[in-house]
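Colleague: What follows is a structure written as structure tokens; I'll ask about it next.
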Amino acid sequence: MKMQSLSPDQTDTLQEIVNIAMGQAGDSLARVLDSFVKLSVPRIKLIEVANAGPGIIKLVNNDVLITAVRQSFYDDLSGEAITLFSAEGCRDLSDLMGYQTDLDPHTEREVLFDVSNILVGACLNGIAEQLNANLSFSAPSLIAENTTAGALLAPDSLPWDYALQVEVNFSLEQRNFISHLIIMMAEDAIESLQRSLDVFLETS
Amino acid sequence: MAIPILVVDDSAMSRKLVIKALPPEWDVEVHQAGNGQEALNTYKSSKAEVMLLDLTMPVMDGFEVLEALKRDGSKPFVIVISADVQPKAQERVKELGAIAFLKKPIKTDEIKQVLKEYGLLS
């Protein structure tokens with residue numbers, strides 16, 4: 001299937017919509033951690049799913065061990081949201097959330113799931129709200145623990161050929177915490193996204 | 001006489017939305033910049049009196065622009081228009097001299113209120 005890529009106007013609009021949504025997600029995280037969250041400019045690109053793995057390696061060094069949490073979303077827009085945390089970032093999180101530094105694996109997972117829920121929920125709800133779309137989410141699940149980025153996304157782990165990849169980074173000042181949120185929108189959701197973007201463009 | 005103003009945002013779409021939201025009765029000459037570094041250059045050449053400034057930008061972000069303006073003793077009226085809505089971000093830009101912090105998406109009435117408060121629009 002050949003994918004119709006987004007027009008420059010649609011990309012610009014989506015970029016701005018993600019920007020606003022990311023700001024809301026950053027604010028939610030800042031309130032939970034009581035820290036200032038540094039935001040990056042979101043990156044949006046249409047990718048072949050087979051290349052998603054190498055793309056993630058570029059994002060985080062392949063020698064850094066990461067833990068990844070995945071949440072699916074569906075309804076008007078559908079896809080997968082993956083939140084990546086470094087091992088150091090996990091320790092910072094537990095610390096900021098008031099846990100002991102050496103967490104048992106079960107509690108550490110809970111912390112990561114909570115943070116993933118906050119980021120994914122705020123970011124995707126922010127996008128959906130601006131596009132007047134409805135979304136539901138699956139519960140977070142762990143897809144990788146202390147692994148390298150290269151081993152993270154097997155080429156056949158997403159059942160699509162193409163995906164719209166949206167990348168947002170959150171980091172904390174004076175801490176090593178950095179989290180990457182990657183949203184992969186399914187190819188059949190891209191068309192409905194394009195229609196929503198066109199409506200947004202006409203009415204804004 | 002039209003007042004020179006400067007709209008700073010890395011997204012062309014966002015600049016368009018900001019410009020569209022300006023009160024129609026406000027007589028301005030609009031200049032634009034796509035990042036903080038460009039903003040400082042354009043600020044000097046345009047002698048902008050009002051700057052509508054985004055925070056999250058590549059090359060040089062909005063906080064750095066405010067710091068640079070402060071360092072140079074430049075005092076345009078800076079209204080920050082940002083998607084980064086953390087209370088700490090709001091506090092920080094006020095400390096750095098911004099007169100107001102408005103959340104994206106921007107609304108005409110909110111800009112109007114700030115402009116009136118500072119006597120920039122009657």
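Chain labels run A, B, ... following the order of the structure tokens; each chain numbers its residues from 1, and ligands are numbered from 1 in the order shown.
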Can you list, as a PyMOL selection string, every protein, DNA or RNA residue that comes within 12 Å of Glu191 (chain A) when you count only C-alpha atoms, leaving out same-chain residues fewer than 3 positions away?
Modeller: chain A and resi 3-7+10+76-78+163-164+185-188+194-198
Colleague: Identify, on the basis of only C-alpha atoms, every residue whose closest approach to Leu22 (chain B) does not exceed 12 Å; exclude the query and any residue fewer than 6 positions from it along the same chain; express the result as a list in words.
Modeller: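 Answer for this query is Ile5, Val7, Arg15, Lys16, Val28, Glu29, Val30, Leu52, Ile106, Lys107, Thr108, Asp109, Glu110, Ile111, Lys112, Gln113, Val114, Leu115 and Leu121 of chain B.
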Colleague: Go through region 20-116 of chain B and collect every residue that DSSP, computed from the backbone, puts in strand (DSSP E); the answer should be as a ChimeraX atom specification.
Modeller: /B:28-33,50-53,77-82,100-103
Colleague: Which chain A residues are at most 6 Å from chain B (counting only C-alpha atoms), as a PyMOL selection string?
Modeller: chain A and resi 12+20+23+27
Colleague: Would you mind reading off the distance between CA of Ala33 (chain B) and CA of Asn169 (chain A), one decimal, in Å?
Modeller: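 CA of Asn169 (chain A) lies at a distance of 23.7 Å from CA of Ala33 (chain B).
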Colleague: Nearest residue to Leu181 (chain A) out of A:Asp92, A:Glu145, A:Glu80, A:Asp104, using only C-alpha atoms?
Modeller: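 For Leu181 (chain A), the nearest of the candidates is A:Glu80.
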Colleague: Could you give me, as JSON, numbers by chain, each residue of chain B that DSSP assigns to helix (DSSP H, G or I) when run on this structure's backbone?
Modeller: {"B": [12, 13, 14, 15, 16, 17, 18, 19, 20, 21, 36, 37, 38, 39, 40, 41, 42, 43, 44, 45, 46, 62, 63, 64, 65, 66, 67, 68, 69, 70, 71, 87, 88, 89, 90, 91, 92, 93, 94, 95, 108, 109, 110, 111, 112, 113, 114, 115, 116, 117]}
Colleague: Export, as a short mmCIF file (atom, residue, chain, number, x, y, z; two decimals), in the first residue's frame, the selected residues with N, CA and C atoms.
Modeller:
```cif
data_model
loop_
_atom_site.label_atom_id
_atom_site.label_comp_id
_atom_site.auth_asym_id
_atom_site.auth_seq_id
_atom_site.Cartn_x
_atom_site.Cartn_y
_atom_site.Cartn_z
N ALA B 12 5.36 28.01 11.26
CA ALA B 12 4.74 29.03 10.41
C ALA B 12 3.23 29.05 10.67
N MET B 13 2.69 27.87 10.90
CA MET B 13 1.26 27.76 11.17
C MET B 13 0.90 28.52 12.44
N SER B 14 1.74 28.34 13.44
CA SER B 14 1.47 28.99 14.70
C SER B 14 1.57 30.52 14.57
N ARG B 15 2.55 30.99 13.79
CA ARG B 15 2.67 32.44 13.58
C ARG B 15 1.42 32.96 12.89
N LYS B 16 0.93 32.18 11.93
CA LYS B 16 -0.27 32.57 11.20
C LYS B 16 -1.46 32.67 12.15
N LEU B 17 -1.57 31.69 13.06
CA LEU B 17 -2.69 31.69 14.00
C LEU B 17 -2.61 32.89 14.96
N VAL B 18 -1.38 33.21 15.38
CA VAL B 18 -1.19 34.35 16.28
C VAL B 18 -1.56 35.65 15.56
N ILE B 19 -1.07 35.80 14.32
CA ILE B 19 -1.33 37.03 13.56
C ILE B 19 -2.84 37.19 13.31
N LYS B 20 -3.48 36.06 13.03
CA LYS B 20 -4.93 36.08 12.80
C LYS B 20 -5.71 36.48 14.05
N ALA B 21 -5.12 36.16 15.21
CA ALA B 21 -5.82 36.43 16.47
C ALA B 21 -5.60 37.86 16.97
N GLY B 36 14.76 31.90 18.18
CA GLY B 36 15.20 32.96 19.07
C GLY B 36 16.31 33.83 18.48
N GLN B 37 17.25 33.18 17.80
CA GLN B 37 18.37 33.93 17.23
C GLN B 37 17.86 34.91 16.17
N GLU B 38 16.98 34.39 15.31
CA GLU B 38 16.39 35.26 14.28
C GLU B 38 15.61 36.40 14.95
N ALA B 39 14.96 36.06 16.05
CA ALA B 39 14.15 37.06 16.75
C ALA B 39 15.00 38.23 17.21
N LEU B 40 16.18 37.92 17.78
CA LEU B 40 17.05 38.99 18.28
C LEU B 40 17.54 39.86 17.12
N ASN B 41 17.89 39.22 15.99
CA ASN B 41 18.33 39.99 14.82
C ASN B 41 17.21 40.87 14.29
N THR B 42 16.03 40.25 14.12
CA THR B 42 14.89 41.00 13.57
C THR B 42 14.43 42.08 14.54
N TYR B 43 14.58 41.81 15.82
CA TYR B 43 14.20 42.81 16.82
C TYR B 43 15.01 44.08 16.61
N LYS B 44 16.32 43.91 16.37
CA LYS B 44 17.18 45.09 16.18
C LYS B 44 16.83 45.84 14.92
N SER B 45 16.62 45.10 13.82
CA SER B 45 16.36 45.78 12.54
C SER B 45 14.95 46.38 12.47
N SER B 46 14.00 45.74 13.13
CA SER B 46 12.61 46.22 13.01
C SER B 46 12.24 47.23 14.09
N GLY B 62 12.65 30.59 23.82
CA GLY B 62 12.09 31.85 24.29
C GLY B 62 12.70 32.36 25.58
N PHE B 63 13.06 31.43 26.48
CA PHE B 63 13.69 31.84 27.74
C PHE B 63 15.01 32.56 27.44
N GLU B 64 15.77 31.99 26.50
CA GLU B 64 17.07 32.57 26.15
C GLU B 64 16.90 33.95 25.49
N VAL B 65 15.83 34.11 24.73
CA VAL B 65 15.56 35.41 24.11
C VAL B 65 15.33 36.44 25.21
N LEU B 66 14.51 36.08 26.20
CA LEU B 66 14.22 37.00 27.29
C LEU B 66 15.49 37.35 28.07
N GLU B 67 16.34 36.33 28.28
CA GLU B 67 17.61 36.58 28.98
C GLU B 67 18.48 37.54 28.19
N ALA B 68 18.57 37.33 26.87
CA ALA B 68 19.40 38.18 26.02
C ALA B 68 18.88 39.61 26.01
N LEU B 69 17.57 39.77 25.95
CA LEU B 69 16.99 41.12 25.94
C LEU B 69 17.31 41.83 27.25
N LYS B 70 17.21 41.08 28.33
CA LYS B 70 17.46 41.64 29.65
C LYS B 70 18.92 42.09 29.76
N ARG B 71 19.82 41.21 29.28
CA ARG B 71 21.25 41.50 29.32
C ARG B 71 21.60 42.75 28.52
N PRO B 87 3.27 26.12 35.58
CA PRO B 87 3.34 27.32 36.42
C PRO B 87 4.77 27.86 36.51
N LYS B 88 5.76 26.95 36.56
CA LYS B 88 7.14 27.41 36.67
C LYS B 88 7.60 28.15 35.42
N ALA B 89 7.10 27.74 34.27
CA ALA B 89 7.45 28.44 33.03
C ALA B 89 6.86 29.84 33.08
N GLN B 90 5.64 29.95 33.59
CA GLN B 90 4.98 31.25 33.67
C GLN B 90 5.74 32.17 34.63
N GLU B 91 6.10 31.61 35.79
CA GLU B 91 6.87 32.38 36.77
C GLU B 91 8.17 32.88 36.17
N ARG B 92 8.86 31.97 35.50
CA ARG B 92 10.18 32.27 34.97
C ARG B 92 10.14 33.39 33.93
N VAL B 93 9.17 33.35 33.03
CA VAL B 93 9.15 34.39 32.00
C VAL B 93 8.78 35.76 32.59
N LYS B 94 7.97 35.74 33.64
CA LYS B 94 7.63 37.01 34.29
C LYS B 94 8.88 37.59 34.96
N GLU B 95 9.65 36.70 35.60
CA GLU B 95 10.89 37.15 36.24
C GLU B 95 11.85 37.73 35.21
N THR B 108 -8.22 36.19 20.74
CA THR B 108 -8.14 37.64 20.52
C THR B 108 -8.42 38.43 21.80
N ASP B 109 -9.45 38.03 22.54
CA ASP B 109 -9.82 38.77 23.75
C ASP B 109 -8.70 38.82 24.76
N GLU B 110 -7.94 37.72 24.86
CA GLU B 110 -6.85 37.68 25.84
C GLU B 110 -5.73 38.64 25.45
N ILE B 111 -5.39 38.68 24.15
CA ILE B 111 -4.36 39.62 23.71
C ILE B 111 -4.84 41.04 23.95
N LYS B 112 -6.09 41.27 23.60
CA LYS B 112 -6.68 42.60 23.73
C LYS B 112 -6.56 43.12 25.16
N GLN B 113 -6.88 42.23 26.09
CA GLN B 113 -6.86 42.61 27.50
C GLN B 113 -5.47 43.05 27.94
N VAL B 114 -4.46 42.28 27.52
CA VAL B 114 -3.08 42.62 27.88
C VAL B 114 -2.69 43.95 27.24
N LEU B 115 -3.01 44.12 25.98
CA LEU B 115 -2.64 45.34 25.26
C LEU B 115 -3.26 46.56 25.93
N LYS B 116 -4.52 46.41 26.34
CA LYS B 116 -5.22 47.53 26.98
C LYS B 116 -4.59 47.85 28.34
N GLU B 117 -4.28 46.80 29.06
CA GLU B 117 -3.69 46.95 30.39
C GLU B 117 -2.40 47.77 30.32
#
```
Colleague: What does the distance from CA of Ser141 (chain A) to CA of Ala87 (chain A) come to in Å, to one decimal?
Modeller: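 If I compute the distance from CA of Ser141 (chain A) to CA of Ala87 (chain A), I get 17.1 Å.
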Colleague: Nearest to Leu152 (chain A): which of A:Thr13, A:Asn62, A:Gln24, A:Ser35 is it, counting only C-alpha atoms?
Modeller: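 Among the listed residues, the smallest separation from Leu152 (chain A) belongs to A:Asn62.
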Colleague: Kindly indicate which residue among A:Ala50, A:Ala189, A:Val64, A:Leu201 lies nearest to Asn146 (chain A), using only C-alpha atoms for the distances.
Modeller: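 For Asn146 (chain A), the nearest of the candidates is A:Val64.
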Colleague: Residues near Asp75 (chain A), anyone? I mean within 10 Å using only C-alpha atoms, not counting same-chain ones fewer than 3 positions away, as a list in words.
Modeller: Ser78, Gly79, Ala133, Asn134, Leu135, Ser136, Phe137 and Ala189 of chain A
